[in-house]
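Here is query_3.cif, consisting of mmCIF, C-alpha atoms:
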```cif
data_data
loop_
_atom_site.label_atom_id
_atom_site.label_comp_id
_atom_site.auth_asym_id
_atom_site.auth_seq_id
_atom_site.Cartn_x
_atom_site.Cartn_y
_atom_site.Cartn_z
CA MET H 1 34.41 38.76 81.73
CA ILE H 2 36.16 35.74 83.24
CA ALA H 3 34.55 32.48 82.23
CA ASP H 4 33.43 30.16 85.02
CA THR H 5 35.54 27.09 85.66
CA ASP H 6 34.05 23.66 85.05
CA HIS H 7 33.64 23.15 88.77
CA GLU H 8 31.79 26.44 89.19
CA LEU H 9 29.47 25.59 86.32
CA VAL H 10 28.78 22.17 87.83
CA ALA H 11 27.99 23.81 91.18
CA LYS H 12 25.57 26.22 89.48
CA ALA H 13 23.92 23.46 87.49
CA VAL H 14 23.45 21.25 90.55
CA SER H 15 22.36 23.86 93.06
CA ALA H 16 19.87 25.74 90.89
CA GLN H 17 19.08 23.08 88.27
CA ASP H 18 20.61 25.61 85.90
CA THR H 19 20.43 24.20 82.38
CA THR H 20 22.23 27.25 80.98
CA ALA H 21 25.31 26.49 83.08
CA PHE H 22 25.13 22.89 81.95
CA GLY H 23 24.78 24.12 78.37
CA ASP H 24 28.08 25.99 78.81
CA LEU H 25 29.69 22.77 80.00
CA ILE H 26 28.35 20.89 76.98
CA ARG H 27 29.61 23.58 74.59
CA ARG H 28 33.02 23.41 76.22
CA HIS H 29 33.41 19.62 76.11
CA GLN H 30 31.18 18.32 73.33
CA SER H 31 34.04 18.23 70.84
CA HIS H 32 36.19 15.98 73.04
CA VAL H 33 33.32 13.66 73.89
CA ARG H 34 32.11 13.38 70.30
CA ASN H 35 35.61 12.86 68.95
CA PHE H 36 36.24 10.18 71.57
CA LEU H 37 33.03 8.33 70.69
CA ARG H 38 33.64 8.77 66.95
CA LYS H 39 37.04 7.16 67.27
CA LEU H 40 35.67 4.34 69.41
CA SER H 41 32.65 3.51 67.28
CA GLY H 42 33.92 4.57 63.87
CA ASP H 43 30.39 5.77 63.11
CA TYR H 44 29.74 9.51 63.29
CA ALA H 45 25.94 9.37 63.53
CA LEU H 46 26.00 6.68 66.20
CA ALA H 47 28.72 8.56 68.09
CA ASP H 48 26.64 11.75 68.14
CA ASP H 49 23.57 9.87 69.39
CA LEU H 50 25.67 8.29 72.11
CA ALA H 51 27.14 11.69 72.98
CA GLN H 52 23.62 13.07 73.48
CA ASP H 53 22.72 10.16 75.75
CA CYS H 54 25.96 10.62 77.55
CA PHE H 55 25.26 14.30 78.35
CA MET H 56 21.72 13.45 79.45
CA ARG H 57 23.15 10.87 81.84
CA ALA H 58 25.75 13.34 83.00
CA TRP H 59 22.95 15.75 83.94
CA ASP H 60 21.24 13.05 85.99
CA LYS H 61 24.46 12.14 87.76
CA LEU H 62 25.88 15.64 88.06
CA SER H 63 25.47 15.75 91.83
CA SER H 64 27.72 12.70 92.10
CA PHE H 65 30.63 14.56 90.47
CA SER H 66 33.03 14.86 93.37
CA GLY H 67 35.23 17.51 91.76
CA ARG H 68 38.41 15.59 92.59
CA GLY H 69 39.35 14.87 88.98
CA SER H 70 38.76 16.88 85.83
CA PHE H 71 35.25 17.26 84.46
CA ILE H 72 36.29 15.95 81.05
CA GLY H 73 37.76 12.82 82.69
CA TRP H 74 34.43 12.25 84.41
CA MET H 75 32.56 12.87 81.14
CA LEU H 76 34.71 10.41 79.24
CA LYS H 77 34.01 7.81 81.91
CA ILE H 78 30.29 8.21 81.24
CA ALA H 79 30.94 8.22 77.49
CA TYR H 80 32.90 4.99 77.69
CA THR H 81 30.19 3.30 79.79
CA THR H 82 27.51 4.54 77.39
CA PHE H 83 29.49 3.16 74.45
CA LEU H 84 30.00 -0.25 76.11
CA GLN H 85 26.31 -0.49 77.00
CA SER H 86 25.21 0.35 73.48
CA LYS H 87 27.67 -2.18 72.11
CA ARG H 88 26.31 -4.86 74.46
CA LYS H 89 22.75 -3.98 73.45
CA SER H 90 23.46 -4.24 69.74
CA LYS H 91 25.29 -7.51 70.32
CA ARG H 92 22.30 -8.90 72.21
CA TYR H 93 20.02 -7.68 69.44
CA ALA H 94 22.17 -9.45 66.87
CA GLU H 95 22.07 -12.64 68.93
CA ILE H 96 18.28 -12.49 69.17
CA LEU H 97 18.00 -12.03 65.42
CA GLU H 98 20.43 -14.86 64.87
CA SER H 99 18.54 -17.20 67.16
CA ALA H 100 15.34 -16.23 65.34
CA GLY H 101 17.00 -17.42 62.14
CA GLN H 102 17.32 -14.04 60.52
CA VAL H 103 20.33 -12.50 58.90
CA THR H 104 22.39 -10.83 61.63
CA VAL H 105 22.68 -7.12 61.61
CA GLN H 106 26.06 -5.56 61.74
CA GLU H 107 27.44 -4.87 65.15
CA SER H 108 28.06 -1.28 66.05
CA GLY H 109 31.80 -1.79 65.68
CA ASN H 110 31.25 -2.75 62.07
CA HIS H 111 29.68 0.53 61.08
CA THR H 112 33.03 1.69 59.81
CA ALA H 113 33.68 2.54 56.21
CA PRO H 114 34.69 -0.19 53.74
CA VAL H 115 38.35 -1.24 53.88
CA HIS H 116 39.38 0.73 50.80
CA GLU H 117 37.95 3.91 52.35
CA LEU H 118 39.79 3.60 55.64
CA ASN H 119 42.28 6.32 56.47
CA ASP H 120 45.53 5.91 58.38
CA LEU H 121 43.87 6.56 61.70
CA ASP H 122 41.13 3.99 61.13
CA ARG H 123 43.71 1.40 60.11
CA LEU H 124 45.77 2.15 63.16
CA LEU H 125 42.83 1.92 65.54
CA ALA H 126 41.56 -1.25 63.88
CA VAL H 127 44.68 -3.07 65.10
CA LEU H 128 43.70 -2.45 68.71
CA ASP H 129 40.98 -4.14 70.67
CA GLU H 130 38.18 -2.06 72.16
CA GLU H 131 39.80 -1.51 75.53
CA GLU H 132 43.17 -0.58 74.07
CA ARG H 133 41.53 1.75 71.57
CA ALA H 134 39.57 3.55 74.30
CA ILE H 135 42.63 3.98 76.48
CA ILE H 136 44.94 5.06 73.65
CA VAL H 137 42.36 7.60 72.45
CA MET H 138 41.86 8.94 75.99
CA SER H 139 45.58 9.28 76.40
CA TYR H 140 46.72 10.63 73.02
CA ALA H 141 43.64 12.33 71.60
CA CYS H 142 42.04 13.67 74.78
CA GLY H 143 45.23 14.24 76.75
CA LEU H 144 44.06 12.54 79.94
CA SER H 145 46.68 11.53 82.49
CA HIS H 146 47.10 7.86 83.35
CA ARG H 147 45.36 8.45 86.66
CA GLU H 148 42.38 10.10 84.96
CA ILE H 149 42.16 7.20 82.52
CA GLY H 150 42.30 4.82 85.47
CA ASP H 151 39.39 6.67 87.08
CA ALA H 152 37.45 6.67 83.82
CA THR H 153 37.90 2.97 83.13
CA ASN H 154 37.95 1.73 86.74
CA MET H 155 41.44 0.32 86.29
CA PRO H 156 44.58 0.72 88.35
CA VAL H 157 47.17 3.11 86.89
CA GLY H 158 49.59 0.21 86.38
CA THR H 159 47.06 -1.63 84.21
CA VAL H 160 46.43 1.52 82.17
CA LYS H 161 50.15 1.89 81.54
CA SER H 162 50.55 -1.74 80.52
CA ILE H 163 47.55 -1.51 78.16
CA ILE H 164 49.03 1.59 76.53
CA PHE H 165 52.36 -0.19 76.21
CA ARG H 166 50.67 -3.26 74.72
CA GLY H 167 48.72 -1.11 72.27
CA LYS H 168 51.85 0.69 71.15
CA GLU H 169 53.62 -2.63 70.68
CA LYS H 170 50.74 -3.90 68.55
CA ILE H 171 50.90 -0.82 66.35
CA ARG H 172 54.65 -1.11 66.10
CA THR H 173 54.60 -4.77 65.07
CA HIS H 174 51.54 -4.58 62.86
CA PHE H 175 52.88 -1.72 60.80
CA GLU H 176 56.44 -3.00 61.07
CA ILE H 177 57.67 0.33 62.31
CA GLU H 178 61.30 0.57 63.36
CA ASP H 179 62.38 3.07 65.98
CA HIS H 180 64.27 5.23 63.50
CA GLN H 181 61.14 5.60 61.35
CA TYR H 182 59.38 7.84 63.84
CA GLY H 183 61.61 10.85 63.52
CA MET C 1 58.50 13.21 95.57
CA LYS C 2 57.44 9.85 94.22
CA SER C 3 54.39 11.33 92.50
CA LYS C 4 56.60 13.99 90.91
CA ILE C 5 58.81 11.27 89.46
CA ILE C 6 55.75 9.44 88.18
CA ASN C 7 54.43 12.66 86.60
CA MET C 8 57.78 13.31 84.96
CA ALA C 9 57.94 9.76 83.66
CA GLU C 10 54.47 10.25 82.23
CA LYS C 11 55.53 13.42 80.50
CA ILE C 12 58.59 11.92 78.86
CA LYS C 13 57.39 11.10 75.39
CA ASP C 14 59.11 8.94 72.89
CA ALA C 15 58.83 9.24 69.13
CA GLN C 16 55.92 6.82 68.99
CA ASP C 17 53.99 8.92 71.51
CA ARG C 18 54.49 11.99 69.36
CA MET C 19 53.43 10.06 66.27
CA LEU C 20 50.27 8.82 67.98
CA GLU C 21 49.44 12.28 69.24
CA ALA C 22 49.85 13.72 65.76
CA LEU C 23 47.79 10.97 64.19
CA LEU C 24 45.00 11.11 66.75
CA ALA C 25 44.84 14.89 66.79
CA THR C 26 41.58 15.75 65.09
CA PRO C 27 40.10 19.19 64.51
CA PRO C 28 37.48 20.17 67.07
CA VAL C 29 33.93 19.19 66.20
CA ALA C 30 31.72 22.21 65.57
CA ASP C 31 28.83 22.52 67.99
CA ASP C 32 26.23 23.20 65.27
CA GLY C 33 23.34 23.31 67.71
CA PHE C 34 24.35 20.11 69.48
CA SER C 35 24.46 21.67 72.94
CA ARG C 36 21.27 23.65 72.31
CA ARG C 37 19.41 20.45 71.40
CA ILE C 38 20.49 18.75 74.62
CA VAL C 39 19.63 21.76 76.76
CA ARG C 40 16.17 21.90 75.14
CA ARG C 41 15.68 18.21 75.81
CA LEU C 42 16.69 18.74 79.44
CA GLN C 43 14.38 21.72 79.88
CA ARG C 44 11.49 19.75 78.42
CA ARG C 45 12.22 16.90 80.81
CA LEU C 46 12.43 19.26 83.79
CA TRP C 47 9.04 20.75 82.89
CA VAL C 48 7.52 17.31 82.55
CA ARG C 49 8.88 16.37 85.97
CA ARG C 50 7.60 19.59 87.53
CA LEU C 51 4.13 19.14 86.07
CA THR C 52 3.82 15.42 86.77
CA LEU C 53 2.84 15.71 90.43
CA PRO C 54 0.30 18.55 90.10
CA VAL C 55 -1.28 16.99 87.01
CA ALA C 56 -1.44 13.61 88.74
CA ALA C 57 -3.07 15.28 91.75
CA ILE C 58 -5.68 16.99 89.57
CA ILE C 59 -6.45 13.79 87.64
CA GLY C 60 -6.57 11.79 90.87
CA GLY C 61 -8.87 14.39 92.41
CA ALA C 62 -11.15 14.35 89.38
CA ILE C 63 -11.33 10.56 89.41
CA ALA C 64 -11.93 10.46 93.16
CA PHE C 65 -14.52 13.25 93.13
CA LYS C 66 -17.54 11.16 92.10
CA PRO C 67 -16.97 8.22 94.46
CA LEU C 68 -16.24 10.70 97.24
CA THR C 69 -19.52 12.52 96.78
CA GLY C 70 -21.26 9.13 96.72
CA LEU C 71 -19.54 8.19 99.94
CA VAL C 72 -20.54 11.45 101.59
CA SER C 73 -24.18 11.08 100.55
CA MET C 74 -24.15 7.46 101.70
CA LEU C 75 -22.84 8.55 105.09
CA ALA C 76 -25.56 11.21 105.21
CA ASN C 77 -28.18 8.53 104.52
CA LEU C 78 -26.68 6.32 107.21
CA SER C 79 -27.25 9.08 109.70
CA VAL C 80 -31.00 8.28 109.47
CA LEU C 81 -30.25 4.96 111.11
CA LEU C 82 -28.49 6.59 114.01
CA PRO C 83 -30.37 7.53 117.18
CA LYS C 84 -31.87 11.01 116.88
CA ASP C 85 -29.86 12.37 119.77
CA ILE C 86 -26.55 11.59 118.12
CA VAL C 87 -27.68 13.04 114.79
CA THR C 88 -28.80 16.29 116.34
CA ALA C 89 -25.60 16.47 118.34
CA THR C 90 -23.34 16.04 115.30
CA THR C 91 -25.26 17.90 112.59
CA GLY C 92 -23.62 21.14 113.54
CA SER C 93 -20.14 19.74 113.25
CA ILE C 94 -20.51 17.80 109.94
CA PRO C 95 -19.61 20.26 107.15
CA GLN C 96 -21.74 20.49 104.05
CA LEU C 97 -20.60 18.76 100.85
CA GLN C 98 -19.94 22.06 99.05
CA VAL C 99 -17.73 23.15 101.89
CA VAL C 100 -15.74 19.89 101.71
CA VAL C 101 -15.23 20.26 97.95
CA LEU C 102 -14.32 23.91 98.24
CA GLY C 103 -11.82 23.08 100.97
CA ALA C 104 -10.26 20.32 98.85
CA ILE C 105 -9.90 22.67 95.86
CA LEU C 106 -8.37 25.38 98.01
CA LEU C 107 -5.93 22.86 99.48
CA LEU C 108 -4.97 21.68 96.01
CA VAL C 109 -4.44 25.24 94.76
CA PHE C 110 -2.40 26.02 97.85
CA LEU C 111 -0.20 22.92 97.33
CA LEU C 112 0.32 23.77 93.66
CA GLY C 113 1.20 27.34 94.55
CA MET C 114 3.69 26.19 97.15
CA ARG C 115 5.31 23.83 94.67
CA PHE C 116 5.72 26.53 92.04
CA LEU C 117 7.11 28.92 94.63
CA GLU C 118 9.61 26.26 95.69
CA ASP C 119 10.69 25.77 92.06
#
```
I need this file expressed as C-alpha coordinates, please.
Amino acid sequence: MIADTDHELVAKAVSAQDTTAFGDLIRRHQSHVRNFLRKLSGDYALADDLAQDCFMRAWDKLSSFSGRGSFIGWMLKIAYTTFLQSKRKSKRYAEILESAGQVTVQESGNHTAPVHELNDLDRLLAVLDEEERAIIVMSYACGLSHREIGDATNMPVGTVKSIIFRGKEKIRTHFEIEDHQYG
Amino acid sequence: MKSKIINMAEKIKDAQDRMLEALLATPPVADDGFSRRIVRRLQRRLWVRRLTLPVAAIIGGAIAFKPLTGLVSMLANLSVLLPKDIVTATTGSIPQLQVVVLGAILLLVFLLGMRFLED
(Lines of atoms letter the chains of each structure in order from A and count residues from 1; the text may use other names and numbers.)
(Lines give C-alpha, C1' and ligand atoms only; values in the text may rest on other atoms or scores of the structure.)
Protein backbone atom coordinates (compact mmCIF):
# COMPACT_ATOMS: atom_id res chain seq x y z
CA MET A 1 0.00 0.00 0.00
CA ILE A 2 1.35 3.43 -0.95
CA ALA A 3 1.39 5.83 1.96
CA ASP A 4 -0.44 9.12 1.51
CA THR A 5 1.69 12.21 0.98
CA ASP A 6 1.64 14.95 3.61
CA HIS A 7 -0.55 17.08 1.39
CA GLU A 8 -3.08 14.29 0.92
CA LEU A 9 -3.21 13.68 4.66
CA VAL A 10 -3.73 17.39 5.29
CA ALA A 11 -6.56 17.42 2.74
CA LYS A 12 -8.21 14.44 4.45
CA ALA A 13 -7.80 15.94 7.89
CA VAL A 14 -9.26 19.29 6.83
CA SER A 15 -12.14 18.07 4.68
CA ALA A 16 -13.45 15.34 6.98
CA GLN A 17 -12.03 16.50 10.33
CA ASP A 18 -10.15 13.22 10.15
CA THR A 19 -8.07 12.88 13.32
CA THR A 20 -6.61 9.57 12.09
CA ALA A 21 -5.06 11.29 9.07
CA PHE A 22 -3.72 13.99 11.35
CA GLY A 23 -2.39 11.25 13.65
CA ASP A 24 -0.41 9.88 10.68
CA LEU A 25 1.04 13.34 10.11
CA ILE A 26 2.03 13.60 13.77
CA ARG A 27 3.67 10.15 13.70
CA ARG A 28 5.60 11.15 10.60
CA HIS A 29 6.91 14.48 11.90
CA GLN A 30 6.91 14.32 15.69
CA SER A 31 10.57 13.35 15.82
CA HIS A 32 11.69 16.42 13.85
CA VAL A 33 9.49 18.79 15.81
CA ARG A 34 10.49 17.37 19.19
CA ASN A 35 14.18 17.33 18.29
CA PHE A 36 13.94 20.92 17.08
CA LEU A 37 12.27 22.07 20.30
CA ARG A 38 14.66 20.01 22.44
CA LYS A 39 17.63 21.69 20.83
CA LEU A 40 16.07 25.13 21.18
CA SER A 41 14.97 24.81 24.79
CA GLY A 42 17.56 22.36 26.08
CA ASP A 43 14.82 20.86 28.23
CA TYR A 44 13.28 17.58 27.06
CA ALA A 45 10.12 17.71 29.17
CA LEU A 46 9.39 21.31 28.26
CA ALA A 47 10.12 20.57 24.60
CA ASP A 48 7.63 17.70 24.57
CA ASP A 49 4.94 19.85 26.19
CA LEU A 50 5.58 22.55 23.62
CA ALA A 51 5.46 19.96 20.84
CA GLN A 52 2.01 18.85 22.03
CA ASP A 53 0.78 22.45 22.05
CA CYS A 54 2.33 22.95 18.68
CA PHE A 55 0.43 20.01 17.12
CA MET A 56 -2.81 21.16 18.74
CA ARG A 57 -2.30 24.58 17.18
CA ALA A 58 -1.43 22.99 13.88
CA TRP A 59 -4.79 21.18 13.94
CA ASP A 60 -6.60 24.46 14.51
CA LYS A 61 -4.72 26.17 11.71
CA LEU A 62 -4.59 23.23 9.32
CA SER A 63 -6.97 24.83 6.82
CA SER A 64 -4.54 27.73 6.47
CA PHE A 65 -1.77 25.42 5.22
CA SER A 66 -1.46 26.54 1.62
CA GLY A 67 0.53 23.50 0.47
CA ARG A 68 3.13 25.68 -1.26
CA GLY A 69 6.00 24.71 1.04
CA SER A 70 6.70 21.48 2.86
CA PHE A 71 4.51 20.42 5.76
CA ILE A 72 7.50 20.07 8.08
CA GLY A 73 8.57 23.64 7.24
CA TRP A 74 5.10 24.84 8.19
CA MET A 75 5.18 22.75 11.38
CA LEU A 76 8.54 24.15 12.41
CA LYS A 77 7.19 27.65 11.91
CA ILE A 78 4.44 26.88 14.42
CA ALA A 79 6.97 25.19 16.72
CA TYR A 80 9.25 28.22 16.65
CA THR A 81 6.35 30.60 17.38
CA THR A 82 5.16 28.34 20.21
CA PHE A 83 8.67 28.29 21.66
CA LEU A 84 9.04 32.09 21.48
CA GLN A 85 5.63 32.60 23.10
CA SER A 86 6.42 30.23 25.95
CA LYS A 87 9.76 31.93 26.44
CA ARG A 88 8.07 35.34 26.58
CA LYS A 89 5.51 34.00 29.06
CA SER A 90 8.13 32.57 31.40
CA LYS A 91 10.11 35.81 31.14
CA ARG A 92 7.02 37.82 32.09
CA TYR A 93 6.36 35.41 34.95
CA ALA A 94 9.91 35.88 36.19
CA GLU A 95 9.50 39.66 35.99
CA ILE A 96 6.28 39.52 37.99
CA LEU A 97 7.95 37.41 40.65
CA GLU A 98 10.91 39.75 40.70
CA SER A 99 8.72 42.81 41.07
CA ALA A 100 6.88 41.04 43.87
CA GLY A 101 10.22 40.70 45.64
CA GLN A 102 10.51 36.96 45.31
CA VAL A 103 13.43 34.94 44.11
CA THR A 104 13.23 34.75 40.33
CA VAL A 105 12.55 31.44 38.75
CA GLN A 106 14.84 30.21 36.07
CA GLU A 107 13.96 31.17 32.56
CA SER A 108 13.10 28.40 30.19
CA GLY A 109 16.44 28.79 28.45
CA ASN A 110 18.17 28.00 31.72
CA HIS A 111 16.62 24.58 32.10
CA THR A 112 19.72 23.07 30.59
CA ALA A 113 21.96 20.70 32.46
CA PRO A 114 24.77 22.04 34.66
CA VAL A 115 27.91 23.14 32.81
CA HIS A 116 29.91 20.02 33.65
CA GLU A 117 27.14 17.85 32.17
CA LEU A 118 26.95 19.67 28.87
CA ASN A 119 27.85 17.69 25.78
CA ASP A 120 29.56 19.01 22.65
CA LEU A 121 26.28 19.89 21.01
CA ASP A 122 24.99 21.84 24.01
CA ARG A 123 28.26 23.76 24.21
CA LEU A 124 28.12 24.53 20.53
CA LEU A 125 24.52 25.74 20.65
CA ALA A 126 25.17 27.77 23.79
CA VAL A 127 27.48 30.03 21.79
CA LEU A 128 24.60 31.09 19.55
CA ASP A 129 21.78 33.41 20.39
CA GLU A 130 18.21 32.15 20.18
CA GLU A 131 17.58 33.23 16.61
CA GLU A 132 20.86 31.84 15.32
CA ARG A 133 20.29 28.59 17.18
CA ALA A 134 16.81 28.16 15.70
CA ILE A 135 18.00 28.85 12.18
CA ILE A 136 21.13 26.67 12.43
CA VAL A 137 19.05 23.79 13.83
CA MET A 138 16.43 24.19 11.09
CA SER A 139 19.13 24.17 8.48
CA TYR A 140 21.52 21.47 9.71
CA ALA A 141 19.38 19.23 11.88
CA CYS A 142 16.05 19.43 10.05
CA GLY A 143 17.44 19.90 6.55
CA LEU A 144 15.21 22.83 5.60
CA SER A 145 16.21 24.95 2.63
CA HIS A 146 16.99 28.63 3.17
CA ARG A 147 13.68 29.55 1.61
CA GLU A 148 11.77 27.23 3.95
CA ILE A 149 13.61 28.70 6.92
CA GLY A 150 12.73 32.16 5.64
CA ASP A 151 9.06 31.16 5.50
CA ALA A 152 9.23 29.63 8.96
CA THR A 153 10.87 32.63 10.60
CA ASN A 154 9.30 35.37 8.47
CA MET A 155 12.70 36.52 7.27
CA PRO A 156 14.04 37.18 3.80
CA VAL A 157 16.32 34.47 2.41
CA GLY A 158 19.27 36.89 2.46
CA THR A 159 18.84 37.48 6.20
CA VAL A 160 18.64 33.73 6.82
CA LYS A 161 21.90 33.22 4.94
CA SER A 162 23.66 36.00 6.83
CA ILE A 163 22.44 34.64 10.19
CA ILE A 164 23.74 31.18 9.29
CA PHE A 165 27.05 32.72 8.24
CA ARG A 166 27.23 34.73 11.47
CA GLY A 167 26.44 31.65 13.54
CA LYS A 168 29.12 29.63 11.82
CA GLU A 169 31.62 32.43 12.38
CA LYS A 170 30.75 32.51 16.08
CA ILE A 171 31.29 28.77 16.38
CA ARG A 172 34.53 29.03 14.46
CA THR A 173 35.94 31.82 16.62
CA HIS A 174 34.60 30.56 19.93
CA PHE A 175 36.07 27.12 19.51
CA GLU A 176 39.13 28.48 17.72
CA ILE A 177 38.64 26.11 14.84
CA GLU A 178 40.96 26.48 11.87
CA ASP A 179 39.81 25.46 8.41
CA HIS A 180 42.13 22.47 8.25
CA GLN A 181 40.66 21.08 11.48
CA TYR A 182 37.36 20.16 9.88
CA GLY A 183 38.59 17.39 7.65
CA MET B 1 18.36 29.72 -14.29
CA LYS B 2 19.06 32.07 -11.42
CA SER B 3 17.15 29.89 -8.97
CA LYS B 4 19.13 26.87 -10.15
CA ILE B 5 22.36 28.69 -9.38
CA ILE B 6 21.02 29.66 -5.96
CA ASN B 7 20.00 26.04 -5.28
CA MET B 8 23.43 24.81 -6.33
CA ALA B 9 25.12 27.38 -4.14
CA GLU B 10 22.96 26.21 -1.27
CA LYS B 11 23.96 22.62 -1.87
CA ILE B 12 27.69 23.30 -1.93
CA LYS B 13 28.77 22.43 1.57
CA ASP B 14 32.03 23.27 3.16
CA ALA B 15 33.74 21.29 5.89
CA GLN B 16 32.05 23.30 8.63
CA ASP B 17 28.63 22.52 7.16
CA ARG B 18 29.44 18.83 7.23
CA MET B 19 30.70 19.11 10.80
CA LEU B 20 27.54 20.91 11.91
CA GLU B 21 25.34 18.36 10.17
CA ALA B 22 27.18 15.52 11.87
CA LEU B 23 27.03 17.20 15.25
CA LEU B 24 23.37 18.16 15.01
CA ALA B 25 22.29 14.81 13.63
CA THR B 26 20.35 13.17 16.43
CA PRO B 27 18.63 9.80 16.41
CA PRO B 28 14.89 10.01 15.75
CA VAL B 29 12.73 10.40 18.83
CA ALA B 30 10.53 7.35 19.43
CA ASP B 31 6.83 8.09 19.28
CA ASP B 32 6.02 6.17 22.49
CA GLY B 33 2.34 7.10 22.41
CA PHE B 34 3.00 10.78 21.77
CA SER B 35 0.86 10.97 18.64
CA ARG B 36 -1.88 8.83 20.21
CA ARG B 37 -2.10 11.21 23.17
CA ILE B 38 -2.53 14.22 20.89
CA VAL B 39 -5.11 12.48 18.72
CA ARG B 40 -7.08 11.52 21.85
CA ARG B 41 -6.92 15.10 23.07
CA LEU B 42 -8.17 16.31 19.69
CA GLN B 43 -11.01 13.78 19.60
CA ARG B 44 -12.08 14.79 23.08
CA ARG B 45 -12.07 18.44 22.04
CA LEU B 46 -14.07 17.68 18.89
CA TRP B 47 -16.70 15.85 20.95
CA VAL B 48 -16.91 18.73 23.40
CA ARG B 49 -17.40 21.15 20.52
CA ARG B 50 -20.06 18.95 18.94
CA LEU B 51 -21.97 18.60 22.19
CA THR B 52 -21.68 22.22 23.28
CA LEU B 53 -24.51 23.58 21.14
CA PRO B 54 -27.09 20.83 21.79
CA VAL B 55 -26.33 20.78 25.52
CA ALA B 56 -26.54 24.57 25.67
CA ALA B 57 -29.89 24.40 23.84
CA ILE B 58 -31.25 21.82 26.28
CA ILE B 59 -30.06 23.77 29.33
CA GLY B 60 -31.38 27.01 27.86
CA GLY B 61 -34.71 25.33 27.12
CA ALA B 62 -34.92 23.93 30.64
CA ILE B 63 -34.15 27.31 32.17
CA ALA B 64 -36.61 29.08 29.88
CA PHE B 65 -39.38 26.51 30.36
CA LYS B 66 -40.76 27.82 33.66
CA PRO B 67 -40.84 31.52 32.77
CA LEU B 68 -42.34 30.59 29.41
CA THR B 69 -45.20 28.68 30.97
CA GLY B 70 -45.73 31.62 33.33
CA LEU B 71 -45.83 33.95 30.38
CA VAL B 72 -48.33 31.77 28.55
CA SER B 73 -50.62 31.53 31.57
CA MET B 74 -50.33 35.28 32.12
CA LEU B 75 -51.34 35.88 28.51
CA ALA B 76 -54.26 33.49 29.01
CA ASN B 77 -55.35 35.49 32.06
CA LEU B 78 -55.04 38.72 30.10
CA SER B 79 -57.51 37.37 27.61
CA VAL B 80 -60.21 37.88 30.29
CA LEU B 81 -59.67 41.59 29.94
CA LEU B 82 -60.20 41.50 26.22
CA PRO B 83 -63.64 42.05 24.70
CA LYS B 84 -65.55 38.77 24.47
CA ASP B 85 -65.81 38.92 20.71
CA ILE B 86 -62.05 38.97 20.24
CA VAL B 87 -61.55 36.13 22.73
CA THR B 88 -64.08 33.91 21.03
CA ALA B 89 -62.61 34.75 17.66
CA THR B 90 -59.05 33.81 18.66
CA THR B 91 -59.61 30.87 21.02
CA GLY B 92 -59.59 28.46 18.14
CA SER B 93 -56.27 29.68 16.83
CA ILE B 94 -54.33 29.90 20.15
CA PRO B 95 -52.72 26.47 20.68
CA GLN B 96 -52.83 24.80 24.05
CA LEU B 97 -49.78 24.93 26.32
CA GLN B 98 -49.10 21.18 25.96
CA VAL B 99 -49.09 21.56 22.22
CA VAL B 100 -46.58 24.44 22.42
CA VAL B 101 -44.26 22.43 24.67
CA LEU B 102 -44.57 19.33 22.53
CA GLY B 103 -43.80 21.38 19.43
CA ALA B 104 -40.73 22.92 21.07
CA ILE B 105 -39.43 19.49 22.10
CA LEU B 106 -40.00 18.09 18.64
CA LEU B 107 -38.19 21.07 17.12
CA LEU B 108 -35.27 20.57 19.48
CA VAL B 109 -35.05 16.85 18.70
CA PHE B 110 -35.24 17.61 15.00
CA LEU B 111 -32.43 20.20 15.26
CA LEU B 112 -30.26 17.79 17.24
CA GLY B 113 -30.90 15.04 14.74
CA MET B 114 -29.99 17.32 11.85
CA ARG B 115 -26.77 18.34 13.57
CA PHE B 116 -25.70 14.76 14.18
CA LEU B 117 -26.55 13.84 10.60
CA GLU B 118 -24.44 16.76 9.39
CA ASP B 119 -21.50 15.59 11.53
Give the answer as one residue: which of C:Val109, C:Ala56, C:Val100, C:Ile38 has the shortest atom-to-atom distance to Thr69 (chain C), using all atoms listed in the file?
C:Val100
The PyMOL selection byres ((chain C) within 9 of (chain H)) resolved against shown file, as number ranges by chain
C: 7, 10, 15-31, 34-43, 46
At what distance in Å, to one decimal, does CA of Leu128 (chain H) lie from CA of Gly150 (chain H)?
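If I compute the distance from CA of Gly150 (chain H) to CA of Leu128 (chain H), I get 18.3 Å.
For the pair CA of Pro54 (chain C) and CA of Leu108 (chain C), the separation is 8.5 Å.
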Just want the 12 Å neighbourhood of Arg68 (chain H), counted on only C-alpha atoms, with same-chain residues fewer than 4 positions away dropped. Output as a ChimeraX atom specification.
/H:6-7,64,72-74,147-148,151
So the first atom is CA of Asp14 (chain C) and the second is CA of Ala134 (chain H); what is the distance between them in Å, to one decimal place?
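Separation between CA of Asp14 (chain C) and CA of Ala134 (chain H): 20.3 Å.
Note on the selection: in this file the PyMOL selection byres ((chain H and resi 130) around 12) comes out as Leu37, Lys39, Leu40, Ser41, Gly42, Tyr80, Phe83, Leu84, Lys87, Ser108, Gly109, Leu125, Ala126, Val127, Leu128, Asp129, Glu131, Glu132, Arg133, Ala134, Ile135, Ile136, Val137, Ile163 and Gly167 of chain H.
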